[in-house]
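What follows is a set of notes on a single structure, which appears directly below.
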Amino acid sequence: MSTTALTGIGELVTNDPTHPDGDGSSLGLIQDAAVVVDDAKLAWVGRASAVPDTDERRDLGGCAVIPSFVDSHSHLVFAGDRSAEFAARMTGEPYDGGGIAVSMKATRAATDDELRALLARRVAEMHAQGTGVVEIKSGYGLDVDNEARALRIASEFTDETTFLGAHVVPPEFRASDSGRDDYLDLVCGEMLAACAPYARWIDVFCEPNSAFAFTGEESERVLRAGAGAGLELRVHGNQLGHGPGVQLAVSLGAASVDHCTFLSGEDIAALAGSSTVATLLPGVEFSTRSPYPDARRLIDAGVQLALASDCNPGTCYSSSIPFAIAVAVRDMGMTPAEALLAATSGAAKSLRRSDIGVIRVGARADLTVLDAPSYLHLAYRPGVPIAHALEWGPAAS
Ligand SMILES: N=CN[C@@H](CCC(=O)O)C(=O)O
Ligand SMILES: [Zn+2]
């Protein structure tokens with residue numbers, strides 16, 4: 001493979017505070033920088049004046065470069081449209097998870113090629129906005145074949161696939177008294193066995209404030225079954241109201257608990273003392289007109305944060321991490337630096353990965369160029385497409 005030097009980087013965000021040329025901040029900023037890429041990996045990072053000889057050179061003309069965003073929470077395998085549900089919410093109708101069955105019906109009816117084409121377009125849309133690795137969940141099939149199909153297709157685009165058969169209880173299991181238990185038996189048995197080969201993670205919508213989602217006890221059963229099948233744990237928790245999700249995630253050593261919109265002091269203390277990342281999803285509160293989580297309080301308590309899109313047809317049909325960053329800064333009390341860290345190294349941590357979300361020798365060359373002199377412009381210029389991820393051929397994920 002040939003080596004390429006990217007020079008003329010006005011401001012390089014490395015997320016590596018130990019780099020000798022850096023400013024020592026958590027972002028590890030290097031001014032007038034360059035990097036060398038070799039076989040889609042970073043081979044050199046430093047000041048442009050010291051860049052080694054390479055086969056090729058590209059001058060970025062002073063643009064800022066950041067680690068590509070890591071989108072650690074998305075529900076991209078779906079068909080259909082729920083814009084009417086969004087409009088109803090904007091007139092005050094609350095979100096309760098009931099619309100997931102609408103997406104389930106449309107997704108079951110779609111062919112593999114239709115789902116693959118929809119997914120390819122959404123992933124390309126994310127890359128065009130600066131995202132590198134994306135986590136993709138199932139959760140709109142809600143039967144054995146369609147959950148396994150969703151994960152097979154998702155695994156064509158990422159290694160970070162998540163089995164979310166416990167998204168909601170599907171309509172066909174809601175009529176009988178034993179329906180919930182019957183569905184949980186299916187999720188923890190035949191469905192898990194069919195899906196585990198195509199998933200790294202298992203997730204559950206742990207939400208006592210939704211009649212369609214799962215209680216703390218039901219969620220624990222699903223997560224323990226997933227762990228028994230070798231899957232790592234993620235949790236949708238505390239989204240619609242106070243609940244057991246955060247405590248459950250921490251008690252089971254989940255990598256991440258996501259939403260965290262309604263937190264008690266005990267929830268925050270549990271998170272601060274754990275290795276579980278709290279993933280905030282600002283686009284969801286924006287699109288459901290819900291209260292924003294208090295990120296400032298979480299950061300000041302020492303909680304590890306991630307930011308992600310939660311791109312899905314029901315609560316946030318946005319694939320834009322720059323949008324999430326702008327909202328996190330404007331409405332959740334994060335500084336631009338904290339928001340960028342949460343959307344890169346923080347999200348990588350929520351995936352328990354150290355080869356992404358950072359610009360360091362040996363890491364993946366997941367690099368995003370900003371049409372701007374500084375990362376500050378991500379929040380300073382909301383809605384403007386300044387970020388795009390560089391492609392280095394058929395990158396792994
Ligand atoms: N709350 C659960 N799951 C998704 C929404 C799914 C949907 O409404 O289609 C979320 O993370 O917000
Ligand atoms: Zn979600």
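Numbering starts fresh at 1 for the residues of each chain in the structure tokens, the chains themselves are lettered A, B, ... in the order given, and ligands are numbered from 1 as they appear.
Backbone DSSP assigns strand (DSSP E) in stretch 154-269 of chain A to Thr161, Thr162, Phe163, Leu164, Gly165, Ala166, Trp201, Ile202, Asp203, Val204, Phe205, Cys206, Glu232, Leu233, Arg234, Val235, His236, Gly237, Ser256, Val257, Asp258 and His259 of chain A.
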Extract, using only C-alpha atoms, all DNA, RNA and protein residues at most 9 Å from A:Phe78, discarding same-chain residues fewer than 3 positions from it, and format them as a list of chain:residue names.
A:His75, A:Ser103, A:Met104, A:Ala106, A:Thr107, A:Arg108, A:Ala110, A:Leu115, A:Leu118, A:Leu119, A:Ser138, A:Gly139, A:Tyr140, A:Gly141, A:Ala150, A:Asn312, A:Pro313
Within 7 Å of ligand 2, which residues show up when you count only C-alpha atoms and all ligand atoms? List them as number ranges by chain, please.
A: 73-75, 236, 310
Selection export as a compact mmCIF listing (two decimals), in the first residue's frame, atoms kept: N, CA, C and O atoms:
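Below is the file again_21.txt, written as the result:
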```
# COMPACT_ATOMS: atom_id res chain seq x y z
N HIS A 73 -25.06 4.70 18.54
CA HIS A 73 -26.46 4.35 18.83
C HIS A 73 -27.31 4.74 17.62
O HIS A 73 -27.63 5.90 17.40
N SER A 74 -27.71 3.72 16.81
CA SER A 74 -28.61 4.00 15.68
C SER A 74 -29.50 2.80 15.41
O SER A 74 -29.16 1.66 15.75
N HIS A 75 -30.65 3.10 14.82
CA HIS A 75 -31.64 2.06 14.45
C HIS A 75 -31.89 2.21 12.95
O HIS A 75 -32.96 2.66 12.53
N HIS A 236 -31.28 0.76 26.70
CA HIS A 236 -32.08 1.98 26.57
C HIS A 236 -32.68 2.21 27.95
O HIS A 236 -33.47 1.36 28.41
N ASP A 310 -28.85 8.40 17.59
CA ASP A 310 -30.09 7.63 17.76
C ASP A 310 -30.98 7.77 16.52
O ASP A 310 -32.20 7.91 16.62
```
Report as JSON lines: every residue of chain A with an atom at most 10 Å from ligand 1, its closest pair of atoms, and their distance in Å to one decimal, counting only C-alpha atoms and all ligand atoms, with rows sorted by chain and ascending residue number.
```
{"residue": "A:His73", "atom": "CA", "partner": "ligand 1", "partner_atom_place_in_ligand_line": "11 (O)", "distance": 7.9}
{"residue": "A:Ser74", "atom": "CA", "partner": "ligand 1", "partner_atom_place_in_ligand_line": "11 (O)", "distance": 7.7}
{"residue": "A:His75", "atom": "CA", "partner": "ligand 1", "partner_atom_place_in_ligand_line": "4 (C)", "distance": 7.2}
{"residue": "A:Leu76", "atom": "CA", "partner": "ligand 1", "partner_atom_place_in_ligand_line": "9 (O)", "distance": 9.9}
{"residue": "A:Phe78", "atom": "CA", "partner": "ligand 1", "partner_atom_place_in_ligand_line": "9 (O)", "distance": 8.9}
{"residue": "A:Asp81", "atom": "CA", "partner": "ligand 1", "partner_atom_place_in_ligand_line": "9 (O)", "distance": 9.9}
{"residue": "A:Arg82", "atom": "CA", "partner": "ligand 1", "partner_atom_place_in_ligand_line": "9 (O)", "distance": 8.5}
{"residue": "A:Glu85", "atom": "CA", "partner": "ligand 1", "partner_atom_place_in_ligand_line": "8 (O)", "distance": 9.6}
{"residue": "A:Tyr95", "atom": "CA", "partner": "ligand 1", "partner_atom_place_in_ligand_line": "8 (O)", "distance": 7.8}
{"residue": "A:Asp96", "atom": "CA", "partner": "ligand 1", "partner_atom_place_in_ligand_line": "8 (O)", "distance": 8.0}
{"residue": "A:Gly97", "atom": "CA", "partner": "ligand 1", "partner_atom_place_in_ligand_line": "8 (O)", "distance": 5.1}
{"residue": "A:Gly98", "atom": "CA", "partner": "ligand 1", "partner_atom_place_in_ligand_line": "8 (O)", "distance": 7.3}
{"residue": "A:Gly99", "atom": "CA", "partner": "ligand 1", "partner_atom_place_in_ligand_line": "8 (O)", "distance": 5.7}
{"residue": "A:Ile100", "atom": "CA", "partner": "ligand 1", "partner_atom_place_in_ligand_line": "9 (O)", "distance": 4.4}
{"residue": "A:Ala101", "atom": "CA", "partner": "ligand 1", "partner_atom_place_in_ligand_line": "9 (O)", "distance": 8.1}
{"residue": "A:Val102", "atom": "CA", "partner": "ligand 1", "partner_atom_place_in_ligand_line": "9 (O)", "distance": 8.4}
{"residue": "A:Ser103", "atom": "CA", "partner": "ligand 1", "partner_atom_place_in_ligand_line": "9 (O)", "distance": 6.6}
{"residue": "A:Met104", "atom": "CA", "partner": "ligand 1", "partner_atom_place_in_ligand_line": "9 (O)", "distance": 8.7}
{"residue": "A:Lys137", "atom": "CA", "partner": "ligand 1", "partner_atom_place_in_ligand_line": "3 (N)", "distance": 9.8}
{"residue": "A:Gly139", "atom": "CA", "partner": "ligand 1", "partner_atom_place_in_ligand_line": "6 (C)", "distance": 8.2}
{"residue": "A:Tyr140", "atom": "CA", "partner": "ligand 1", "partner_atom_place_in_ligand_line": "9 (O)", "distance": 7.8}
{"residue": "A:Leu164", "atom": "CA", "partner": "ligand 1", "partner_atom_place_in_ligand_line": "3 (N)", "distance": 9.2}
{"residue": "A:Ala166", "atom": "CA", "partner": "ligand 1", "partner_atom_place_in_ligand_line": "2 (C)", "distance": 10.0}
{"residue": "A:His167", "atom": "CA", "partner": "ligand 1", "partner_atom_place_in_ligand_line": "2 (C)", "distance": 6.6}
{"residue": "A:Val168", "atom": "CA", "partner": "ligand 1", "partner_atom_place_in_ligand_line": "2 (C)", "distance": 8.2}
{"residue": "A:Val204", "atom": "CA", "partner": "ligand 1", "partner_atom_place_in_ligand_line": "2 (C)", "distance": 8.5}
{"residue": "A:Phe205", "atom": "CA", "partner": "ligand 1", "partner_atom_place_in_ligand_line": "2 (C)", "distance": 5.7}
{"residue": "A:Cys206", "atom": "CA", "partner": "ligand 1", "partner_atom_place_in_ligand_line": "1 (N)", "distance": 8.5}
{"residue": "A:Glu207", "atom": "CA", "partner": "ligand 1", "partner_atom_place_in_ligand_line": "1 (N)", "distance": 8.1}
{"residue": "A:Ser210", "atom": "CA", "partner": "ligand 1", "partner_atom_place_in_ligand_line": "1 (N)", "distance": 9.2}
{"residue": "A:Ala213", "atom": "CA", "partner": "ligand 1", "partner_atom_place_in_ligand_line": "2 (C)", "distance": 8.2}
{"residue": "A:Val235", "atom": "CA", "partner": "ligand 1", "partner_atom_place_in_ligand_line": "11 (O)", "distance": 9.7}
{"residue": "A:His236", "atom": "CA", "partner": "ligand 1", "partner_atom_place_in_ligand_line": "11 (O)", "distance": 6.5}
{"residue": "A:Gly237", "atom": "CA", "partner": "ligand 1", "partner_atom_place_in_ligand_line": "1 (N)", "distance": 8.4}
{"residue": "A:Asn238", "atom": "CA", "partner": "ligand 1", "partner_atom_place_in_ligand_line": "1 (N)", "distance": 9.6}
{"residue": "A:Gln239", "atom": "CA", "partner": "ligand 1", "partner_atom_place_in_ligand_line": "1 (N)", "distance": 7.0}
{"residue": "A:Leu240", "atom": "CA", "partner": "ligand 1", "partner_atom_place_in_ligand_line": "1 (N)", "distance": 8.4}
{"residue": "A:Asp258", "atom": "CA", "partner": "ligand 1", "partner_atom_place_in_ligand_line": "11 (O)", "distance": 7.7}
{"residue": "A:His259", "atom": "CA", "partner": "ligand 1", "partner_atom_place_in_ligand_line": "11 (O)", "distance": 7.2}
{"residue": "A:Leu281", "atom": "CA", "partner": "ligand 1", "partner_atom_place_in_ligand_line": "11 (O)", "distance": 8.2}
{"residue": "A:Gly283", "atom": "CA", "partner": "ligand 1", "partner_atom_place_in_ligand_line": "12 (O)", "distance": 9.4}
{"residue": "A:Val284", "atom": "CA", "partner": "ligand 1", "partner_atom_place_in_ligand_line": "12 (O)", "distance": 6.3}
{"residue": "A:Glu285", "atom": "CA", "partner": "ligand 1", "partner_atom_place_in_ligand_line": "12 (O)", "distance": 9.1}
{"residue": "A:Ser287", "atom": "CA", "partner": "ligand 1", "partner_atom_place_in_ligand_line": "12 (O)", "distance": 9.9}
{"residue": "A:Thr288", "atom": "CA", "partner": "ligand 1", "partner_atom_place_in_ligand_line": "12 (O)", "distance": 9.2}
{"residue": "A:Ser309", "atom": "CA", "partner": "ligand 1", "partner_atom_place_in_ligand_line": "11 (O)", "distance": 9.4}
{"residue": "A:Asp310", "atom": "CA", "partner": "ligand 1", "partner_atom_place_in_ligand_line": "11 (O)", "distance": 5.8}
{"residue": "A:Cys311", "atom": "CA", "partner": "ligand 1", "partner_atom_place_in_ligand_line": "11 (O)", "distance": 8.1}
{"residue": "A:Asn312", "atom": "CA", "partner": "ligand 1", "partner_atom_place_in_ligand_line": "9 (O)", "distance": 5.6}
{"residue": "A:Pro313", "atom": "CA", "partner": "ligand 1", "partner_atom_place_in_ligand_line": "9 (O)", "distance": 5.1}
{"residue": "A:Gly314", "atom": "CA", "partner": "ligand 1", "partner_atom_place_in_ligand_line": "8 (O)", "distance": 3.5}
{"residue": "A:Thr315", "atom": "CA", "partner": "ligand 1", "partner_atom_place_in_ligand_line": "12 (O)", "distance": 4.9}
{"residue": "A:Cys316", "atom": "CA", "partner": "ligand 1", "partner_atom_place_in_ligand_line": "12 (O)", "distance": 7.0}
{"residue": "A:Tyr317", "atom": "CA", "partner": "ligand 1", "partner_atom_place_in_ligand_line": "9 (O)", "distance": 9.1}
```
Would you mind listing what lies within 10 Å of stretch 192-194 of chain A as a PDB file with all heavy atoms, in the first residue's frame, with only C-alpha atoms counted and same-chain residues fewer than 4 positions away left out?
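Resulting contents of out13.pdb:
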```
ATOM      1  N   VAL A 144     -38.240 -14.043  14.718  1.00  0.00           N
ATOM      2  CA  VAL A 144     -36.917 -14.659  14.560  1.00  0.00           C
ATOM      3  C   VAL A 144     -36.298 -14.316  13.208  1.00  0.00           C
ATOM      4  O   VAL A 144     -35.175 -13.802  13.132  1.00  0.00           O
ATOM      5  CB  VAL A 144     -37.013 -16.197  14.738  1.00  0.00           C
ATOM      6  CG1 VAL A 144     -35.664 -16.853  14.445  1.00  0.00           C
ATOM      7  CG2 VAL A 144     -37.490 -16.543  16.151  1.00  0.00           C
ATOM      8  N   ASP A 145     -37.037 -14.568  12.134  1.00  0.00           N
ATOM      9  CA  ASP A 145     -36.441 -14.378  10.802  1.00  0.00           C
ATOM     10  C   ASP A 145     -36.094 -12.921  10.519  1.00  0.00           C
ATOM     11  O   ASP A 145     -35.028 -12.617   9.980  1.00  0.00           O
ATOM     12  CB  ASP A 145     -37.408 -14.896   9.722  1.00  0.00           C
ATOM     13  CG  ASP A 145     -37.572 -16.412   9.793  1.00  0.00           C
ATOM     14  OD1 ASP A 145     -36.684 -17.058  10.441  1.00  0.00           O
ATOM     15  OD2 ASP A 145     -38.551 -16.939   9.265  1.00  0.00           O
ATOM     16  N   GLU A 147     -35.558 -10.387  12.672  1.00  0.00           N
ATOM     17  CA  GLU A 147     -34.469  -9.860  13.517  1.00  0.00           C
ATOM     18  C   GLU A 147     -33.119 -10.371  13.005  1.00  0.00           C
ATOM     19  O   GLU A 147     -32.160  -9.606  12.872  1.00  0.00           O
ATOM     20  CB  GLU A 147     -34.671 -10.265  14.981  1.00  0.00           C
ATOM     21  CG  GLU A 147     -35.740  -9.453  15.704  1.00  0.00           C
ATOM     22  CD  GLU A 147     -35.348  -7.982  15.840  1.00  0.00           C
ATOM     23  OE1 GLU A 147     -34.275  -7.701  16.407  1.00  0.00           O
ATOM     24  OE2 GLU A 147     -36.116  -7.121  15.345  1.00  0.00           O
ATOM     25  N   ALA A 148     -33.062 -11.644  12.663  1.00  0.00           N
ATOM     26  CA  ALA A 148     -31.801 -12.201  12.137  1.00  0.00           C
ATOM     27  C   ALA A 148     -31.468 -11.561  10.789  1.00  0.00           C
ATOM     28  O   ALA A 148     -30.309 -11.219  10.524  1.00  0.00           O
ATOM     29  CB  ALA A 148     -31.924 -13.715  11.994  1.00  0.00           C
ATOM     30  N   ARG A 149     -32.478 -11.329   9.980  1.00  0.00           N
ATOM     31  CA  ARG A 149     -32.267 -10.702   8.657  1.00  0.00           C
ATOM     32  C   ARG A 149     -31.700  -9.293   8.830  1.00  0.00           C
ATOM     33  O   ARG A 149     -30.741  -8.904   8.157  1.00  0.00           O
ATOM     34  CB  ARG A 149     -33.609 -10.643   7.912  1.00  0.00           C
ATOM     35  CG  ARG A 149     -33.579  -9.892   6.608  1.00  0.00           C
ATOM     36  CD  ARG A 149     -34.858 -10.119   5.839  1.00  0.00           C
ATOM     37  NE  ARG A 149     -35.969  -9.284   6.325  1.00  0.00           N
ATOM     38  CZ  ARG A 149     -36.743  -8.568   5.505  1.00  0.00           C
ATOM     39  NH1 ARG A 149     -36.486  -8.587   4.203  1.00  0.00           N
ATOM     40  NH2 ARG A 149     -37.755  -7.842   5.951  1.00  0.00           N
ATOM     41  N   LEU A 151     -29.953  -8.080  11.261  1.00  0.00           N
ATOM     42  CA  LEU A 151     -28.561  -8.118  11.733  1.00  0.00           C
ATOM     43  C   LEU A 151     -27.620  -8.609  10.640  1.00  0.00           C
ATOM     44  O   LEU A 151     -26.486  -8.130  10.518  1.00  0.00           O
ATOM     45  CB  LEU A 151     -28.460  -8.983  12.987  1.00  0.00           C
ATOM     46  CG  LEU A 151     -29.080  -8.347  14.230  1.00  0.00           C
ATOM     47  CD1 LEU A 151     -29.288  -9.386  15.319  1.00  0.00           C
ATOM     48  CD2 LEU A 151     -28.237  -7.180  14.735  1.00  0.00           C
ATOM     49  N   PHE A 163     -28.316  -6.664  18.783  1.00  0.00           N
ATOM     50  CA  PHE A 163     -29.597  -7.379  18.772  1.00  0.00           C
ATOM     51  C   PHE A 163     -30.572  -6.690  19.729  1.00  0.00           C
ATOM     52  O   PHE A 163     -30.331  -6.648  20.937  1.00  0.00           O
ATOM     53  CB  PHE A 163     -29.372  -8.832  19.181  1.00  0.00           C
ATOM     54  CG  PHE A 163     -30.629  -9.626  19.458  1.00  0.00           C
ATOM     55  CD1 PHE A 163     -31.741  -9.559  18.605  1.00  0.00           C
ATOM     56  CD2 PHE A 163     -30.714 -10.441  20.581  1.00  0.00           C
ATOM     57  CE1 PHE A 163     -32.899 -10.277  18.863  1.00  0.00           C
ATOM     58  CE2 PHE A 163     -31.858 -11.180  20.845  1.00  0.00           C
ATOM     59  CZ  PHE A 163     -32.964 -11.089  19.988  1.00  0.00           C
ATOM     60  N   LEU A 164     -31.651  -6.151  19.180  1.00  0.00           N
ATOM     61  CA  LEU A 164     -32.648  -5.445  19.990  1.00  0.00           C
ATOM     62  C   LEU A 164     -34.026  -6.083  19.761  1.00  0.00           C
ATOM     63  O   LEU A 164     -35.013  -5.411  19.452  1.00  0.00           O
ATOM     64  CB  LEU A 164     -32.657  -3.947  19.642  1.00  0.00           C
ATOM     65  CG  LEU A 164     -33.620  -3.043  20.398  1.00  0.00           C
ATOM     66  CD1 LEU A 164     -33.396  -3.090  21.906  1.00  0.00           C
ATOM     67  CD2 LEU A 164     -33.540  -1.601  19.877  1.00  0.00           C
ATOM     68  N   GLY A 165     -34.071  -7.399  19.900  1.00  0.00           N
ATOM     69  CA  GLY A 165     -35.361  -8.092  19.800  1.00  0.00           C
ATOM     70  C   GLY A 165     -36.298  -7.649  20.919  1.00  0.00           C
ATOM     71  O   GLY A 165     -37.517  -7.681  20.790  1.00  0.00           O
ATOM     72  N   ASP A 185     -39.753 -15.411  26.252  1.00  0.00           N
ATOM     73  CA  ASP A 185     -39.202 -16.754  26.029  1.00  0.00           C
ATOM     74  C   ASP A 185     -38.609 -16.853  24.624  1.00  0.00           C
ATOM     75  O   ASP A 185     -37.524 -17.390  24.417  1.00  0.00           O
ATOM     76  CB  ASP A 185     -40.306 -17.824  26.192  1.00  0.00           C
ATOM     77  CG  ASP A 185     -40.767 -17.975  27.627  1.00  0.00           C
ATOM     78  OD1 ASP A 185     -40.057 -17.500  28.544  1.00  0.00           O
ATOM     79  OD2 ASP A 185     -41.865 -18.563  27.835  1.00  0.00           O
ATOM     80  N   LEU A 186     -39.328 -16.278  23.645  1.00  0.00           N
ATOM     81  CA  LEU A 186     -38.854 -16.325  22.254  1.00  0.00           C
ATOM     82  C   LEU A 186     -37.563 -15.518  22.095  1.00  0.00           C
ATOM     83  O   LEU A 186     -36.583 -15.986  21.508  1.00  0.00           O
ATOM     84  CB  LEU A 186     -39.937 -15.765  21.330  1.00  0.00           C
ATOM     85  CG  LEU A 186     -39.625 -15.768  19.832  1.00  0.00           C
ATOM     86  CD1 LEU A 186     -39.532 -17.199  19.289  1.00  0.00           C
ATOM     87  CD2 LEU A 186     -40.684 -14.963  19.060  1.00  0.00           C
ATOM     88  N   VAL A 187     -37.560 -14.300  22.669  1.00  0.00           N
ATOM     89  CA  VAL A 187     -36.369 -13.435  22.554  1.00  0.00           C
ATOM     90  C   VAL A 187     -35.152 -14.114  23.165  1.00  0.00           C
ATOM     91  O   VAL A 187     -34.067 -14.144  22.571  1.00  0.00           O
ATOM     92  CB  VAL A 187     -36.614 -12.073  23.233  1.00  0.00           C
ATOM     93  CG1 VAL A 187     -35.306 -11.279  23.361  1.00  0.00           C
ATOM     94  CG2 VAL A 187     -37.644 -11.267  22.468  1.00  0.00           C
ATOM     95  N   CYS A 188     -35.328 -14.691  24.356  1.00  0.00           N
ATOM     96  CA  CYS A 188     -34.197 -15.282  25.093  1.00  0.00           C
ATOM     97  C   CYS A 188     -33.850 -16.684  24.599  1.00  0.00           C
ATOM     98  O   CYS A 188     -32.826 -17.243  24.996  1.00  0.00           O
ATOM     99  CB  CYS A 188     -34.514 -15.341  26.579  1.00  0.00           C
ATOM    100  SG  CYS A 188     -34.778 -13.703  27.303  1.00  0.00           S
ATOM    101  N   TYR A 198     -24.746 -12.885  14.468  1.00  0.00           N
ATOM    102  CA  TYR A 198     -24.594 -11.657  13.662  1.00  0.00           C
ATOM    103  C   TYR A 198     -24.541 -10.412  14.535  1.00  0.00           C
ATOM    104  O   TYR A 198     -24.676  -9.289  14.034  1.00  0.00           O
ATOM    105  CB  TYR A 198     -25.769 -11.530  12.683  1.00  0.00           C
ATOM    106  CG  TYR A 198     -25.952 -12.750  11.815  1.00  0.00           C
ATOM    107  CD1 TYR A 198     -26.939 -13.689  12.125  1.00  0.00           C
ATOM    108  CD2 TYR A 198     -25.110 -12.995  10.736  1.00  0.00           C
ATOM    109  CE1 TYR A 198     -27.107 -14.830  11.345  1.00  0.00           C
ATOM    110  CE2 TYR A 198     -25.265 -14.142   9.951  1.00  0.00           C
ATOM    111  CZ  TYR A 198     -26.261 -15.056  10.275  1.00  0.00           C
ATOM    112  OH  TYR A 198     -26.418 -16.191   9.517  1.00  0.00           O
ATOM    113  N   ALA A 199     -24.354 -10.586  15.845  1.00  0.00           N
ATOM    114  CA  ALA A 199     -24.396  -9.426  16.751  1.00  0.00           C
ATOM    115  C   ALA A 199     -23.202  -9.431  17.693  1.00  0.00           C
ATOM    116  O   ALA A 199     -22.735 -10.496  18.112  1.00  0.00           O
ATOM    117  CB  ALA A 199     -25.695  -9.445  17.551  1.00  0.00           C
ATOM    118  N   ILE A 202     -26.138  -6.920  22.804  1.00  0.00           N
ATOM    119  CA  ILE A 202     -27.587  -7.065  23.010  1.00  0.00           C
ATOM    120  C   ILE A 202     -28.064  -5.820  23.756  1.00  0.00           C
ATOM    121  O   ILE A 202     -27.316  -5.242  24.562  1.00  0.00           O
ATOM    122  CB  ILE A 202     -27.953  -8.343  23.790  1.00  0.00           C
ATOM    123  CG1 ILE A 202     -29.472  -8.538  23.814  1.00  0.00           C
ATOM    124  CG2 ILE A 202     -27.356  -8.334  25.205  1.00  0.00           C
ATOM    125  CD1 ILE A 202     -29.910  -9.922  24.268  1.00  0.00           C
ATOM    126  N   VAL A 222     -33.449 -10.529  29.776  1.00  0.00           N
ATOM    127  CA  VAL A 222     -32.951 -10.451  28.392  1.00  0.00           C
ATOM    128  C   VAL A 222     -31.438 -10.256  28.377  1.00  0.00           C
ATOM    129  O   VAL A 222     -30.707 -10.944  27.658  1.00  0.00           O
ATOM    130  CB  VAL A 222     -33.653  -9.298  27.647  1.00  0.00           C
ATOM    131  CG1 VAL A 222     -32.987  -9.024  26.299  1.00  0.00           C
ATOM    132  CG2 VAL A 222     -35.130  -9.594  27.460  1.00  0.00           C
ATOM    133  N   ALA A 225     -29.531 -13.324  29.403  1.00  0.00           N
ATOM    134  CA  ALA A 225     -29.551 -14.328  28.331  1.00  0.00           C
ATOM    135  C   ALA A 225     -28.538 -13.950  27.249  1.00  0.00           C
ATOM    136  O   ALA A 225     -27.787 -14.800  26.748  1.00  0.00           O
ATOM    137  CB  ALA A 225     -30.952 -14.426  27.726  1.00  0.00           C
ATOM    138  N   GLY A 226     -28.489 -12.644  26.936  1.00  0.00           N
ATOM    139  CA  GLY A 226     -27.521 -12.198  25.922  1.00  0.00           C
ATOM    140  C   GLY A 226     -26.095 -12.414  26.367  1.00  0.00           C
ATOM    141  O   GLY A 226     -25.257 -12.916  25.601  1.00  0.00           O
ATOM    142  N   ALA A 229     -24.993 -15.791  25.928  1.00  0.00           N
ATOM    143  CA  ALA A 229     -24.714 -16.157  24.526  1.00  0.00           C
ATOM    144  C   ALA A 229     -23.467 -15.445  24.017  1.00  0.00           C
ATOM    145  O   ALA A 229     -23.177 -15.473  22.819  1.00  0.00           O
ATOM    146  CB  ALA A 229     -25.921 -15.800  23.659  1.00  0.00           C
ATOM    147  N   LEU A 231     -22.811 -12.124  24.166  1.00  0.00           N
ATOM    148  CA  LEU A 231     -22.996 -10.751  23.685  1.00  0.00           C
ATOM    149  C   LEU A 231     -22.669  -9.761  24.804  1.00  0.00           C
ATOM    150  O   LEU A 231     -22.821 -10.063  25.988  1.00  0.00           O
ATOM    151  CB  LEU A 231     -24.441 -10.551  23.196  1.00  0.00           C
ATOM    152  CG  LEU A 231     -24.905 -11.502  22.084  1.00  0.00           C
ATOM    153  CD1 LEU A 231     -26.317 -11.134  21.631  1.00  0.00           C
ATOM    154  CD2 LEU A 231     -23.937 -11.504  20.906  1.00  0.00           C
TER     155      LEU A 231
END
```
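From atom CA of A:Leu248 back to atom CA of A:Ser274, the distance works out to 11.9 Å.
Excluding A:Leu27 itself and any same-chain residue fewer than 3 positions from it, the protein and nucleic acid residues within 9 Å of it, counting only C-alpha atoms, are A:Leu12, A:Val13, A:Thr14, A:Asn15, A:Asp16, A:Pro17, A:Gly22, A:Asp23, A:Gly24, A:Ala337, A:Glu338, A:Leu340, A:Leu341.
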Can you check which residues of stretch 125-346 of chain A DSSP gives as alpha helix (DSSP H) on the backbone and send them as a PyMOL selection string?
chain A and resi 125-127+144-154+179-186+192-195+216-228+245-251+265-272+282-288+295-300+321-331+336-341
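With only C-alpha atoms as the atoms that count, the minimum distance from A:Ala254 to the choices A:Thr161, A:Ser345, A:Asn146, A:Ser350 is reached by A:Ser350.
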From the list A:Asp143, A:Asp294, A:Asp267, A:Asp366, the nearest residue to A:Asp331 using only C-alpha atoms is A:Asp294
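Closest to A:Arg174 among A:Phe157, A:Tyr375, A:Phe212, A:Trp201 is A:Phe212, based on only C-alpha atoms.
Shortest separation to A:Thr261 among A:Gly245, A:Asp71, A:Ile321, A:Leu280 occurs at residue A:Leu280, atoms counted being only C-alpha atoms.
Candidate residues A:Pro336, A:Pro382, A:Pro244, A:Pro322 were compared for distance to A:Gly130, and the nearest is A:Pro322, using only C-alpha atoms.
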Taking only C-alpha atoms into account, name the residue in A:Ser72, A:Ser178, A:Ser320, A:Thr4 that is nearest to A:Lys349.
A:Ser72
